[in-house]
$ cat work_2.csv   # CSV, C-alpha atoms
chain,number,residue,atom,x,y,z
A,12,MET,CA,152.5,76.3,117.0
A,13,PRO,CA,149.3,74.9,115.4
A,14,ASP,CA,148.7,75.0,111.7
A,15,THR,CA,145.7,76.9,110.3
A,16,PRO,CA,144.4,77.3,106.7
A,17,PHE,CA,146.1,80.8,106.7
A,18,GLY,CA,149.4,79.7,108.1
A,19,ARG,CA,150.8,78.9,111.5
A,20,TYR,CA,148.9,80.4,114.4
A,21,PRO,CA,150.9,81.2,117.5
A,22,GLY,CA,148.0,80.7,119.9
A,23,GLY,CA,146.4,83.2,122.3
A,24,LEU,CA,143.3,85.3,121.9
A,25,PRO,CA,142.8,88.1,119.3
A,26,GLY,CA,141.6,91.6,119.8
A,27,ARG,CA,141.3,93.1,123.2
A,28,HIS,CA,142.2,89.7,124.7
A,29,ALA,CA,145.5,89.6,122.8
A,30,GLY,CA,148.4,88.4,124.9
A,31,ARG,CA,146.3,86.1,127.0
A,32,PRO,CA,146.7,82.3,126.5
A,33,ALA,CA,143.8,80.6,124.7
A,34,PRO,CA,141.6,78.5,127.1
A,35,ARG,CA,142.4,74.9,127.1
A,36,PRO,CA,139.8,72.3,126.1
A,37,TYR,CA,139.2,71.1,129.6
A,38,GLU,CA,138.8,74.7,130.8
A,39,ARG,CA,136.1,75.3,128.2
A,40,SER,CA,134.5,72.1,129.1
A,41,PHE,CA,134.2,72.7,132.8
A,42,ARG,CA,133.3,76.4,132.7
A,43,CYS,CA,129.8,77.1,134.1
A,44,PRO,CA,127.3,77.8,131.3
A,45,SER,CA,125.5,80.4,133.5
A,46,THR,CA,128.7,82.3,134.0
A,47,ALA,CA,129.5,82.4,130.3
A,48,ARG,CA,126.0,83.4,129.5
A,49,ARG,CA,126.1,86.2,132.2
A,50,ARG,CA,129.3,87.6,130.7
A,51,ARG,CA,127.7,87.9,127.3
A,52,VAL,CA,124.5,89.5,128.6
A,53,GLU,CA,125.8,91.9,131.3
A,54,ALA,CA,127.5,94.4,128.9
A,55,PRO,CA,124.6,94.8,126.5
A,56,ALA,CA,122.1,95.1,129.4
A,57,ARG,CA,124.2,97.8,131.0
A,58,ARG,CA,124.6,99.7,127.7
A,59,TYR,CA,120.8,99.5,127.2
A,60,GLN,CA,120.2,100.9,130.7
A,61,GLU,CA,122.6,103.8,130.1
A,62,PHE,CA,120.9,104.5,126.8
A,63,VAL,CA,117.5,104.6,128.4
A,64,ALA,CA,118.8,106.9,131.2
A,65,LEU,CA,120.3,109.2,128.5
A,66,HIS,CA,117.1,109.2,126.5
A,67,GLU,CA,115.0,110.0,129.6
A,68,GLU,CA,117.4,112.8,130.6
A,69,ILE,CA,117.2,114.4,127.1
A,70,SER,CA,113.5,114.0,126.9
A,71,ALA,CA,113.1,115.7,130.3
A,72,GLY,CA,114.3,119.0,128.8
A,73,SER,CA,117.5,121.0,128.7
A,74,ALA,CA,118.7,122.9,131.7
A,75,ILE,CA,119.7,125.9,129.6
A,76,PRO,CA,118.1,128.9,131.2
A,77,LEU,CA,116.6,130.5,128.1
A,78,ARG,CA,113.5,132.0,129.7
A,79,PRO,CA,115.4,133.8,132.5
A,80,LEU,CA,117.9,134.9,129.9
A,81,TRP,CA,115.4,136.5,127.6
A,82,TRP,CA,113.5,138.1,130.5
A,83,ALA,CA,116.8,139.6,131.8
A,84,GLY,CA,117.8,140.6,128.3
A,85,THR,CA,114.5,142.4,127.7
A,86,ALA,CA,114.7,144.2,131.0
A,87,ALA,CA,118.3,145.1,130.4
A,88,ALA,CA,117.4,146.5,127.0
A,89,MET,CA,114.7,148.7,128.5
A,90,ALA,CA,117.1,149.8,131.2
A,91,ALA,CA,119.9,150.5,128.8
A,92,GLY,CA,117.6,152.5,126.6
A,93,GLY,CA,116.3,154.6,129.5
A,94,MET,CA,119.8,155.1,130.8
A,95,ALA,CA,121.0,156.3,127.4
A,96,PHE,CA,118.1,158.6,126.9
A,97,ALA,CA,118.6,160.1,130.4
A,98,ALA,CA,122.3,160.4,130.0
A,99,VAL,CA,122.0,162.3,126.7
A,100,MET,CA,119.3,164.6,128.0
A,101,GLY,CA,121.2,165.3,131.2
A,102,LEU,CA,124.6,165.8,129.7
A,103,ARG,CA,123.2,168.1,126.9
A,104,GLY,CA,120.9,170.0,129.2
A,105,VAL,CA,123.2,170.5,132.2
A,106,PHE,CA,126.7,170.4,130.9
A,107,GLY,CA,126.1,171.3,127.2
A,108,LEU,CA,128.0,168.3,125.9
A,109,GLU,CA,127.2,167.1,122.4
A,110,VAL,CA,126.4,163.6,123.5
A,111,PRO,CA,126.4,161.2,121.7
A,112,VAL,CA,129.3,162.5,119.7
A,113,PHE,CA,128.2,160.8,116.4
A,114,ALA,CA,124.9,162.8,116.5
A,115,GLY,CA,126.8,166.2,116.3
A,116,GLY,CA,125.9,169.5,117.7
A,117,HIS,CA,123.3,170.3,115.0
A,118,THR,CA,120.9,167.6,116.2
A,119,ALA,CA,118.4,168.5,118.9
A,120,ALA,CA,118.5,166.8,122.3
A,121,GLY,CA,115.3,164.8,121.8
A,122,PRO,CA,116.2,163.1,118.5
A,123,ALA,CA,119.8,162.5,119.6
A,124,ALA,CA,118.6,160.9,122.9
A,125,THR,CA,116.0,158.8,121.1
A,126,SER,CA,118.5,157.5,118.5
A,127,TYR,CA,121.0,156.7,121.2
A,128,ALA,CA,118.4,154.9,123.3
A,129,LEU,CA,117.3,152.8,120.3
A,130,CYS,CA,120.9,151.8,119.6
A,131,ALA,CA,121.4,150.8,123.2
A,132,MET,CA,118.3,148.7,123.1
A,133,ALA,CA,119.2,147.0,119.8
A,134,GLY,CA,122.7,146.3,121.1
A,135,THR,CA,121.4,144.7,124.3
A,136,ILE,CA,118.9,142.5,122.3
A,137,GLN,CA,121.8,141.4,120.0
A,138,ALA,CA,123.9,140.5,123.1
A,139,THR,CA,121.1,138.4,124.4
A,140,ALA,CA,120.7,136.6,121.1
A,141,LEU,CA,124.5,136.0,121.1
A,142,MET,CA,124.3,134.4,124.6
A,143,HIS,CA,121.4,132.2,123.4
A,144,LEU,CA,123.6,131.1,120.4
A,145,LEU,CA,126.6,130.4,122.6
A,146,LEU,CA,124.4,128.3,125.0
A,147,ALA,CA,123.5,126.1,122.2
A,148,THR,CA,126.9,125.7,120.6
A,149,ALA,CA,129.8,126.6,123.0
A,150,ALA,CA,131.2,124.3,125.6
A,151,ARG,CA,131.8,127.3,128.0
A,152,PRO,CA,129.2,129.9,126.9
A,153,VAL,CA,129.7,132.3,129.8
A,154,ARG,CA,133.4,132.5,129.2
A,155,ALA,CA,133.0,132.9,125.5
A,156,PHE,CA,130.4,135.6,126.0
A,157,ALA,CA,132.6,137.4,128.4
A,158,TRP,CA,135.4,137.5,125.9
A,159,ILE,CA,133.2,138.6,123.0
A,160,GLY,CA,131.3,141.2,125.1
A,161,GLY,CA,134.6,142.6,126.5
A,162,LEU,CA,136.0,143.1,123.1
A,163,ALA,CA,132.7,144.7,121.9
A,164,VAL,CA,132.7,147.1,125.0
A,165,ALA,CA,136.3,148.0,124.4
A,166,LEU,CA,135.5,148.8,120.7
A,167,LEU,CA,132.5,150.9,121.7
A,168,THR,CA,134.6,152.8,124.2
A,169,VAL,CA,137.5,153.5,121.8
A,170,LEU,CA,135.3,154.3,118.8
A,171,PRO,CA,133.9,157.7,120.0
A,172,LEU,CA,137.4,158.9,120.6
A,173,LEU,CA,138.3,158.4,117.0
A,174,LEU,CA,135.4,160.4,115.6
A,175,ASN,CA,135.7,164.1,114.6
A,176,GLY,CA,134.0,166.1,117.3
A,177,PRO,CA,134.5,167.8,120.6
A,178,PHE,CA,136.9,165.9,122.8
A,179,ASP,CA,134.8,166.3,125.9
A,180,ALA,CA,131.7,165.0,124.1
A,181,ALA,CA,133.7,162.0,122.8
A,182,VAL,CA,135.0,161.2,126.3
A,183,ALA,CA,131.5,161.5,127.8
A,184,THR,CA,130.1,159.2,125.0
A,185,ALA,CA,132.9,156.7,125.7
A,186,CYS,CA,132.2,156.7,129.4
A,187,VAL,CA,128.4,156.1,128.8
A,188,ASN,CA,129.2,153.2,126.4
A,189,LEU,CA,131.7,151.7,128.8
A,190,ILE,CA,129.3,151.8,131.8
A,191,GLY,CA,126.3,150.6,129.8
A,192,GLY,CA,128.1,147.9,127.9
A,193,THR,CA,129.8,146.5,131.0
A,194,SER,CA,126.5,146.4,132.9
A,195,VAL,CA,124.8,144.5,130.1
A,196,VAL,CA,127.6,141.9,129.8
A,197,VAL,CA,127.9,141.3,133.5
A,198,LEU,CA,124.1,141.0,133.9
A,199,LEU,CA,123.6,138.5,131.1
A,200,ALA,CA,126.6,136.4,132.1
A,201,GLY,CA,125.4,136.4,135.8
A,202,VAL,CA,121.9,135.3,134.8
A,203,VAL,CA,123.2,132.4,132.8
A,204,ALA,CA,125.8,131.4,135.4
A,205,ALA,CA,123.3,131.5,138.2
A,206,GLY,CA,120.5,129.7,136.3
A,207,SER,CA,122.6,126.8,134.9
A,208,ARG,CA,122.5,123.4,136.6
A,209,PRO,CA,124.2,120.1,135.6
A,210,PHE,CA,122.7,118.6,132.4
A,211,TRP,CA,124.4,115.2,133.2
A,212,PRO,CA,123.7,114.1,136.7
A,213,ASP,CA,127.0,112.3,137.2
A,214,ARG,CA,129.3,114.4,135.0
A,215,PRO,CA,130.7,117.9,135.5
A,216,PHE,CA,128.5,120.5,133.7
A,217,ARG,CA,130.4,122.7,131.2
A,218,ARG,CA,127.6,124.7,129.7
A,219,GLY,CA,127.1,127.8,131.8
A,220,ARG,CA,130.3,127.4,133.7
A,221,PRO,CA,132.4,130.6,133.9
$ encode --input "work_2.csv" --output "structure tokens"
Amino acid sequence: MPDTPFGRYPGGLPGRHAGRPAPRPYERSFRCPSTARRRRVEAPARRYQEFVALHEEISAGSAIPLRPLWWAGTAAAMAAGGMAFAAVMGLRGVFGLEVPVFAGGHTAAGPAATSYALCAMAGTIQATALMHLLLATAARPVRAFAWIGGLAVALLTVLPLLLNGPFDAAVATACVNLIGGTSVVVLLAGVVAAGSRPFWPDRPFRRGRP
């Protein structure tokens, strides 16, 4: 065991080469200089090439389908508003149901339908903004959006049944909320899942996967 200024050194290589015997003097003397130089240069060169490829991939732009998402969200908001307006006018005019139940029977059909349609449009735009946020922050945005959207739809379905009002109007409002909310969640999740492509060419893509 050779002596060193810090004590006796057992031999071998430190760090990641620990456990290997230290090269003998004649081995170091007869090793090809070009081989030693190549071993020192290959790893930094490969890392630099990977860094350049990563920088080019990021500079090329993200694969997050934001434009299709917002186009679909805007169209879904208009459709949800129209469906809510038509549902209120039809249920009040044909069946005499006080839909939505939170508007009450003293509210005319026109203002009740307009307020319900505006609420549906605002909720759809908020759902689109939530999906946008999850695309930028979550590892699995579609799955996270499905969970959050499912809980929100369940809450909107149960809430009318807890309000003071006619039971038939509460059930009709809950059904409209369930159908409209489920349609919005499925549409936005489907648009993102269909428009997502791998951001890393050689790695599995997690954003946008269900």
$ closest_residue --input "work_2.csv" --among "A:Val153, A:Met100, A:Ala88, A:Cys186" --to "Thr168 of chain A" --atoms "all atoms listed in the file"
A:Cys186
$ closest_residue --input "work_2.csv" --among "A:Leu166, A:Val110, A:Leu172, A:Ala138" --to "Val196 of chain A" --atoms "all atoms listed in the file"
A:Ala138
$ closest_residue --input "work_2.csv" --among "A:Ala204, A:Ile190, A:Ala149, A:Val195" --to "Gln137 of chain A" --atoms "only C-alpha atoms"
A:Val195
$ atom_distance --input "work_2.csv" --atom1 "atom CA of Ala131 of chain A" --atom2 "atom CA of Ala91 of chain A"
5.8 Å
$ atom_distance --input "work_2.csv" --atom1 "atom CA of Pro79 of chain A" --atom2 "atom CA of Val202 of chain A"
7.1 Å
$ residues_around --input "work_2.csv" --residues "Thr135 of chain A" --least-positions-apart "6" --cutoff "10 Å" --atoms "only C-alpha atoms" --output "PyMOL selection string"
chain A and resi 84-92+129+141+191-192+195-196+199
$ write_last_selection --input "work_2.csv" --atoms "C-alpha atoms" --output "PDB file, in the frame of the given file"
ATOM      1  CA  GLY A  84     117.800 140.600 128.300  1.00  0.00           C
ATOM      2  CA  THR A  85     114.500 142.400 127.700  1.00  0.00           C
ATOM      3  CA  ALA A  86     114.700 144.200 131.000  1.00  0.00           C
ATOM      4  CA  ALA A  87     118.300 145.100 130.400  1.00  0.00           C
ATOM      5  CA  ALA A  88     117.400 146.500 127.000  1.00  0.00           C
ATOM      6  CA  MET A  89     114.700 148.700 128.500  1.00  0.00           C
ATOM      7  CA  ALA A  90     117.100 149.800 131.200  1.00  0.00           C
ATOM      8  CA  ALA A  91     119.900 150.500 128.800  1.00  0.00           C
ATOM      9  CA  GLY A  92     117.600 152.500 126.600  1.00  0.00           C
ATOM     10  CA  LEU A 129     117.300 152.800 120.300  1.00  0.00           C
ATOM     11  CA  LEU A 141     124.500 136.000 121.100  1.00  0.00           C
ATOM     12  CA  GLY A 191     126.300 150.600 129.800  1.00  0.00           C
ATOM     13  CA  GLY A 192     128.100 147.900 127.900  1.00  0.00           C
ATOM     14  CA  VAL A 195     124.800 144.500 130.100  1.00  0.00           C
ATOM     15  CA  VAL A 196     127.600 141.900 129.800  1.00  0.00           C
ATOM     16  CA  LEU A 199     123.600 138.500 131.100  1.00  0.00           C
TER      17      LEU A 199
END
